[in-house]
Amino acid sequence: MQDLDQFSPVFMKVLGIETSCDETGIAVYDSASGSIWQRLYSQIEKHREYGGVVPELASRDHVVKAAPMLEEILAEIGSIDDIDAIAYTRGPGLIGALMVGANLARGLAWALDRPVLGVHHMEGHLLAPMLADEKPELPFVALLVSGGHTLLVDVRTLGDYRILGETLDDAVGEAFDKTAKLLGLPYPGGPELAQLADSVSQSRFDFPRPMTTRPGLEFSFSGLKTAALNIVRKHQPLDDALRAEIAHAFQRAVVDTLKIKCRRALTETGYRNLVIAGGVGANRHLREALGKMTRAHNARLYFPALEYCTDNGAMIAYAGALRLLQGQQDIEVSDVLPRWSLESLSVI
Ligand code: KG4
Ligand code: ZN
């Protein structure tokens with residue numbers, strides 16, 4: 001690792017390594033041109049038969065896939081010497097999976113004598129919309145919705161994050177996946193449930209909008225899963241039309257709830273910009289509903305390209321590049337952080 005004083009951040013091609021869960025993401029972001037080279041490998045097939053991510057299998061698969069993916073990208077950009085700095089996901093995530101990416105990053109940094117930096121996975125998601133041509137204006141409210149997180153964040157400036165509200169139980173993606181499982185859809189069922197929901201235009205069911213009638217920006221999604229379970233039990237055997245109507249009612253309730261809370265967050269902060277990020281940000285119905293709400297609120301909505309919604313290496317390379325360009329880097333070998341508060345980060 002380089003000495004901080006010798007490091008003059010002016011370049012640069014940053015390698016990003018994402019291994020926090022079940023996707024191996026390797027990317028290079030060129031901060032001079034904005035170009036991105038990336039490879040993404042999803043382990044979903046490996047975990048499907050278990051109905052969820054098996055941590056030990058995830059770590060092993062990252063070990064097998066990460067280096068060959070890196071070699072493919074290096075063949076495209078030229079050589080390994082073209083890498084100026086390395087960013088990896090330090091947390092939050094599965095400890096074994098995180099360690100695979102961290103060790104690869106540190107090994108490369110040591111061998112190439114390049115700076116290396118551990119990046120917060122959720123900061124990666126949060127900044128992914130900035131990879132688009134039209135970058136969100138600061139300050140903004142960010143809605144981070146993934147398989148593990150549901151957060152509303154006040155982003156005053158980059159790196160200065162205040163959590164306005166989060167889920168008290170299941171994350172939105174988790175609620176999608178669990179409800180999809182009840183409907184007999186394969187893991188991870190979020191996208192399949194969304195597709196099923198969109199196959200009908202109405203539903204005889206109406207699910208609650210949890211925690212919307214009282215003030216505050218906290219969420220709770222486990223009740224929706226229970227509501228779906230009760231309907232499923234009452235209507236055995238389920239036919240296709242009924243499954244689609246349950247999916248439709250569930251999705252509408254989730255999207256409505258997120259919309260109500262986002263509108264409240266914009267009102268409370270007085271901000272005029274809303275950013276959605278994370279895997280559930282790929283949901284078409286959610287994008288449309290938030291688009292409509294922000295227009296009515298005289299605000300603007302930003303979201304990442306679909307390929308940067310779910311876990312990927314580009315968002316880690318980008319968030320890492322912003323910090324590395326400020327001269328930040330790991331000055332000693334640091335532990336990975338399975339739990340890590342977004343609020344503890346420093347301003348970029
Ligand atoms: O951000 P992500 O790739 O991984 C985590 O960090 O969790 O998010 C994955 C989550 C899964 O729960 C998946 O079912 C959900 O995002 N998801 C969706 C859609 N696409 C992905 N949920 C609803 N509708 C979608 N179109
Ligand atoms: Zn994620």
# chains A, B, ... in the order shown; residues from 1 in each chain; ligands from 1
>>> select_by_dssp(residues="stretch 63-277 of chain A", states="alpha helix (DSSP H)", output="compact mmCIF listing (two decimals) with C-alpha atoms, in the first residue's frame")
# COMPACT_ATOMS: atom_id res chain seq x y z
CA VAL A 63 -13.45 -17.48 -4.92
CA VAL A 64 -13.99 -19.47 -8.11
CA LYS A 65 -15.48 -16.67 -10.24
CA ALA A 66 -13.79 -13.39 -9.24
CA ALA A 67 -10.29 -13.90 -10.68
CA PRO A 68 -11.38 -15.16 -14.15
CA MET A 69 -13.87 -12.27 -14.41
CA LEU A 70 -11.09 -9.83 -13.56
CA GLU A 71 -8.88 -11.39 -16.24
CA GLU A 72 -11.61 -10.89 -18.85
CA ILE A 73 -11.87 -7.19 -18.03
CA LEU A 74 -8.10 -6.73 -17.98
CA ALA A 75 -7.95 -8.25 -21.47
CA GLU A 76 -10.37 -5.50 -22.58
CA ILE A 77 -8.69 -2.53 -20.93
CA ILE A 95 -18.66 -12.03 6.40
CA GLY A 96 -17.12 -14.87 4.35
CA ALA A 97 -18.28 -13.40 1.04
CA LEU A 98 -16.91 -9.96 1.98
CA MET A 99 -13.56 -11.49 2.91
CA VAL A 100 -13.13 -12.98 -0.56
CA GLY A 101 -13.40 -9.56 -2.24
CA ALA A 102 -11.35 -7.81 0.44
CA ASN A 103 -8.51 -10.32 0.18
CA LEU A 104 -8.46 -10.17 -3.60
CA ALA A 105 -8.38 -6.35 -3.47
CA ARG A 106 -5.64 -6.19 -0.86
CA GLY A 107 -3.53 -8.82 -2.61
CA LEU A 108 -3.70 -6.88 -5.87
CA ALA A 109 -3.01 -3.57 -4.15
CA TRP A 110 0.05 -5.02 -2.46
CA ALA A 111 1.36 -6.70 -5.64
CA LEU A 112 0.76 -3.61 -7.84
CA HIS A 121 -22.13 -1.34 -0.03
CA MET A 122 -25.13 0.94 0.55
CA GLU A 123 -23.12 4.03 -0.42
CA GLY A 124 -22.41 2.18 -3.65
CA HIS A 125 -26.15 1.70 -4.23
CA LEU A 126 -26.88 5.27 -3.19
CA LEU A 127 -24.38 6.75 -5.65
CA VAL A 172 -38.90 -4.68 0.98
CA GLY A 173 -36.99 -7.10 -1.25
CA GLU A 174 -37.23 -9.75 1.46
CA ALA A 175 -41.02 -9.23 1.69
CA PHE A 176 -41.25 -9.56 -2.12
CA ASP A 177 -39.16 -12.75 -2.03
CA LYS A 178 -41.08 -14.34 0.88
CA THR A 179 -44.48 -13.54 -0.65
CA ALA A 180 -43.28 -14.88 -4.00
CA LYS A 181 -42.31 -18.12 -2.25
CA LEU A 182 -45.84 -18.39 -0.79
CA GLY A 190 -39.18 -10.30 -6.48
CA PRO A 191 -38.94 -9.86 -10.26
CA GLU A 192 -41.24 -12.89 -10.90
CA LEU A 193 -43.82 -11.57 -8.44
CA ALA A 194 -43.69 -8.17 -10.17
CA GLN A 195 -44.23 -9.82 -13.54
CA LEU A 196 -47.17 -11.85 -12.23
CA ALA A 197 -48.65 -8.71 -10.61
CA SER A 222 -43.79 -8.41 7.66
CA GLY A 223 -47.56 -7.82 8.06
CA LEU A 224 -48.05 -7.79 4.28
CA LYS A 225 -46.43 -11.20 4.01
CA THR A 226 -48.79 -12.47 6.75
CA ALA A 227 -51.79 -10.93 4.95
CA ALA A 228 -50.74 -12.82 1.81
CA LEU A 229 -50.29 -16.04 3.81
CA ASN A 230 -53.81 -15.76 5.25
CA ILE A 231 -55.34 -15.34 1.79
CA VAL A 232 -53.29 -18.23 0.40
CA ARG A 233 -54.47 -20.52 3.24
CA LYS A 234 -58.10 -19.50 2.76
CA ASP A 240 -53.26 -18.85 -11.64
CA ALA A 241 -55.79 -16.00 -11.66
CA LEU A 242 -55.87 -15.90 -7.86
CA ARG A 243 -52.07 -15.96 -7.58
CA ALA A 244 -51.84 -13.03 -9.99
CA GLU A 245 -54.43 -11.07 -8.00
CA ILE A 246 -52.59 -11.68 -4.72
CA ALA A 247 -49.33 -10.56 -6.36
CA HIS A 248 -51.07 -7.48 -7.77
CA ALA A 249 -52.57 -6.46 -4.40
CA PHE A 250 -49.26 -7.07 -2.61
CA GLN A 251 -47.22 -5.02 -5.08
CA ARG A 252 -49.74 -2.19 -5.05
CA ALA A 253 -49.67 -2.03 -1.24
CA VAL A 254 -45.84 -2.02 -1.13
CA VAL A 255 -45.52 0.62 -3.83
CA ASP A 256 -48.23 2.82 -2.25
CA THR A 257 -46.54 2.57 1.14
CA LEU A 258 -43.14 3.52 -0.29
CA LYS A 259 -44.72 6.40 -2.21
CA ILE A 260 -46.48 7.79 0.89
CA LYS A 261 -43.23 7.67 2.91
CA CYS A 262 -41.14 9.23 0.13
CA ARG A 263 -43.63 12.09 -0.23
CA ARG A 264 -43.50 12.60 3.53
CA ALA A 265 -39.67 12.61 3.48
CA LEU A 266 -39.64 15.25 0.72
CA THR A 267 -42.09 17.39 2.71
CA GLU A 268 -40.16 17.01 5.96
CA THR A 269 -36.75 17.82 4.45
>>> residues_around(residues="A:Arg156", least_positions_apart="5", cutoff="7 Å", atoms="only C-alpha atoms", output="PDB file with N, CA, C and O atoms, in the first residue's frame")
ATOM      1  N   LEU A 138     -27.753  17.714  -5.412  1.00  0.00           N
ATOM      2  CA  LEU A 138     -27.755  17.699  -3.945  1.00  0.00           C
ATOM      3  C   LEU A 138     -28.490  18.926  -3.429  1.00  0.00           C
ATOM      4  O   LEU A 138     -28.495  19.945  -4.116  1.00  0.00           O
ATOM      5  N   PRO A 139     -29.123  18.883  -2.244  1.00  0.00           N
ATOM      6  CA  PRO A 139     -29.299  17.679  -1.435  1.00  0.00           C
ATOM      7  C   PRO A 139     -30.448  16.840  -1.995  1.00  0.00           C
ATOM      8  O   PRO A 139     -31.292  17.343  -2.714  1.00  0.00           O
ATOM      9  N   PHE A 140     -30.484  15.561  -1.605  1.00  0.00           N
ATOM     10  CA  PHE A 140     -31.603  14.730  -2.027  1.00  0.00           C
ATOM     11  C   PHE A 140     -32.011  13.731  -0.954  1.00  0.00           C
ATOM     12  O   PHE A 140     -31.257  13.465  -0.014  1.00  0.00           O
ATOM     13  N   TYR A 161     -24.680  11.327   5.504  1.00  0.00           N
ATOM     14  CA  TYR A 161     -25.947  10.613   5.407  1.00  0.00           C
ATOM     15  C   TYR A 161     -26.652  10.568   6.756  1.00  0.00           C
ATOM     16  O   TYR A 161     -26.053  10.194   7.767  1.00  0.00           O
TER      17      TYR A 161
END
>>> residues_near_ligand(ligand="ligand 2", cutoff="9 Å", atoms="only C-alpha atoms and all ligand atoms", output="PyMOL selection string")
chain A and resi 20-21+93+121-122+124-125+145-149+278-279+309-312
>>> atom_distance(atom1="atom CA of A:Ala317", atom2="atom 11 (C, counted along the ligand's line) of ligand 1")
21.7 Å
>>> closest_atom_pairs(of="stretch 30-81 of chain A", to="stretch 323-338 of chain A", cutoff="12 Å", atoms="only C-alpha atoms", output="JSON lines")
{"residue": "A:Asp30", "atom": "CA", "partner": "A:Leu325", "partner_atom": "CA", "distance": 11.7}
{"residue": "A:Ser31", "atom": "CA", "partner": "A:Leu325", "partner_atom": "CA", "distance": 9.0}
{"residue": "A:Ala32", "atom": "CA", "partner": "A:Leu325", "partner_atom": "CA", "distance": 11.1}
>>> write_last_selection(atoms="N, CA, C and O atoms", output="compact mmCIF listing (two decimals), in the first residue's frame")
# COMPACT_ATOMS: atom_id res chain seq x y z
N ASP A 30 -13.42 4.49 -15.19
CA ASP A 30 -12.39 5.46 -15.54
C ASP A 30 -12.92 6.86 -15.20
O ASP A 30 -13.84 7.36 -15.86
N SER A 31 -12.36 7.47 -14.18
CA SER A 31 -12.90 8.75 -13.71
C SER A 31 -12.62 9.88 -14.71
O SER A 31 -13.28 10.91 -14.67
N ALA A 32 -11.68 9.67 -15.60
CA ALA A 32 -11.39 10.73 -16.59
C ALA A 32 -12.44 10.75 -17.70
O ALA A 32 -12.93 11.81 -18.08
>>> select_by_dssp(residues="stretch 53-288 of chain A", states="strand (DSSP E or B)", output="VMD selection string")
chain A and resid 85 to 91 116 to 120 140 to 145 150 to 157 160 to 167 219 273 to 277
>>> write_last_selection(atoms="C-alpha atoms", output="short mmCIF file (atom, residue, chain, number, x, y, z; two decimals), in the first residue's frame")
data_model
loop_
_atom_site.label_atom_id
_atom_site.label_comp_id
_atom_site.auth_asym_id
_atom_site.auth_seq_id
_atom_site.Cartn_x
_atom_site.Cartn_y
_atom_site.Cartn_z
CA ALA A 85 -6.49 2.06 -7.57
CA ILE A 86 -8.73 -0.62 -6.12
CA ALA A 87 -12.05 -0.41 -4.28
CA TYR A 88 -13.86 -3.33 -2.68
CA THR A 89 -17.04 -3.76 -0.65
CA ARG A 90 -16.00 -3.77 3.01
CA GLY A 91 -19.56 -4.21 4.32
CA VAL A 116 -6.92 0.36 -1.91
CA LEU A 117 -10.14 1.38 -0.17
CA GLY A 118 -13.01 -0.50 1.49
CA VAL A 119 -16.37 0.90 0.36
CA HIS A 120 -19.79 0.82 2.06
CA PHE A 140 -31.60 14.73 -2.03
CA VAL A 141 -33.69 12.10 -0.29
CA ALA A 142 -32.63 8.55 -1.18
CA LEU A 143 -34.88 5.52 -0.96
CA LEU A 144 -32.64 2.46 -0.71
CA VAL A 145 -34.64 -0.69 -1.27
CA THR A 150 -35.10 -0.46 3.35
CA LEU A 151 -33.85 3.00 4.17
CA LEU A 152 -34.86 6.59 3.62
CA VAL A 153 -31.72 8.71 3.76
CA ASP A 154 -31.20 12.46 3.93
CA VAL A 155 -28.18 13.10 1.69
CA ARG A 156 -27.05 16.64 2.51
CA THR A 157 -23.80 16.18 0.68
CA ASP A 160 -23.06 13.00 4.90
CA TYR A 161 -25.95 10.61 5.41
CA ARG A 162 -28.74 10.82 7.99
CA ILE A 163 -31.16 7.94 8.20
CA LEU A 164 -34.71 9.30 8.21
CA GLY A 165 -36.42 5.94 8.50
CA GLU A 166 -35.82 2.23 8.09
CA THR A 167 -37.70 -1.02 8.32
CA PHE A 219 -41.46 0.92 7.60
CA ASN A 273 -34.86 15.64 -5.41
CA LEU A 274 -35.59 11.97 -4.81
CA VAL A 275 -33.24 9.11 -5.68
CA ILE A 276 -34.26 5.43 -5.74
CA ALA A 277 -31.60 2.74 -5.61
#
>>> closest_residue(among="A:Leu345, A:Met211, A:Ile44, A:Leu217", to="ligand 1", atoms="only C-alpha atoms and all ligand atoms")
A:Ile44
>>> closest_residue(among="A:Ile316, A:Val28, A:Leu322, A:Val280", to="A:Pro188", atoms="only C-alpha atoms")
A:Val280
>>> closest_residue(among="A:Gly159, A:Pro237, A:Pro92, A:Gly16", to="ligand 1", atoms="only C-alpha atoms and all ligand atoms")
A:Pro92
>>> closest_residue(among="A:Tyr41, A:Trp340, A:Tyr302, A:Tyr187", to="ligand 1", atoms="only C-alpha atoms and all ligand atoms")
A:Tyr187
>>> closest_residue(among="A:Leu301, A:Ala296, A:Val14, A:Leu306", to="ligand 1", atoms="only C-alpha atoms and all ligand atoms")
A:Leu306
>>> closest_residue(among="A:Glu343, A:Asp133, A:Asp84, A:Glu307", to="ligand 1", atoms="only C-alpha atoms and all ligand atoms")
A:Glu307
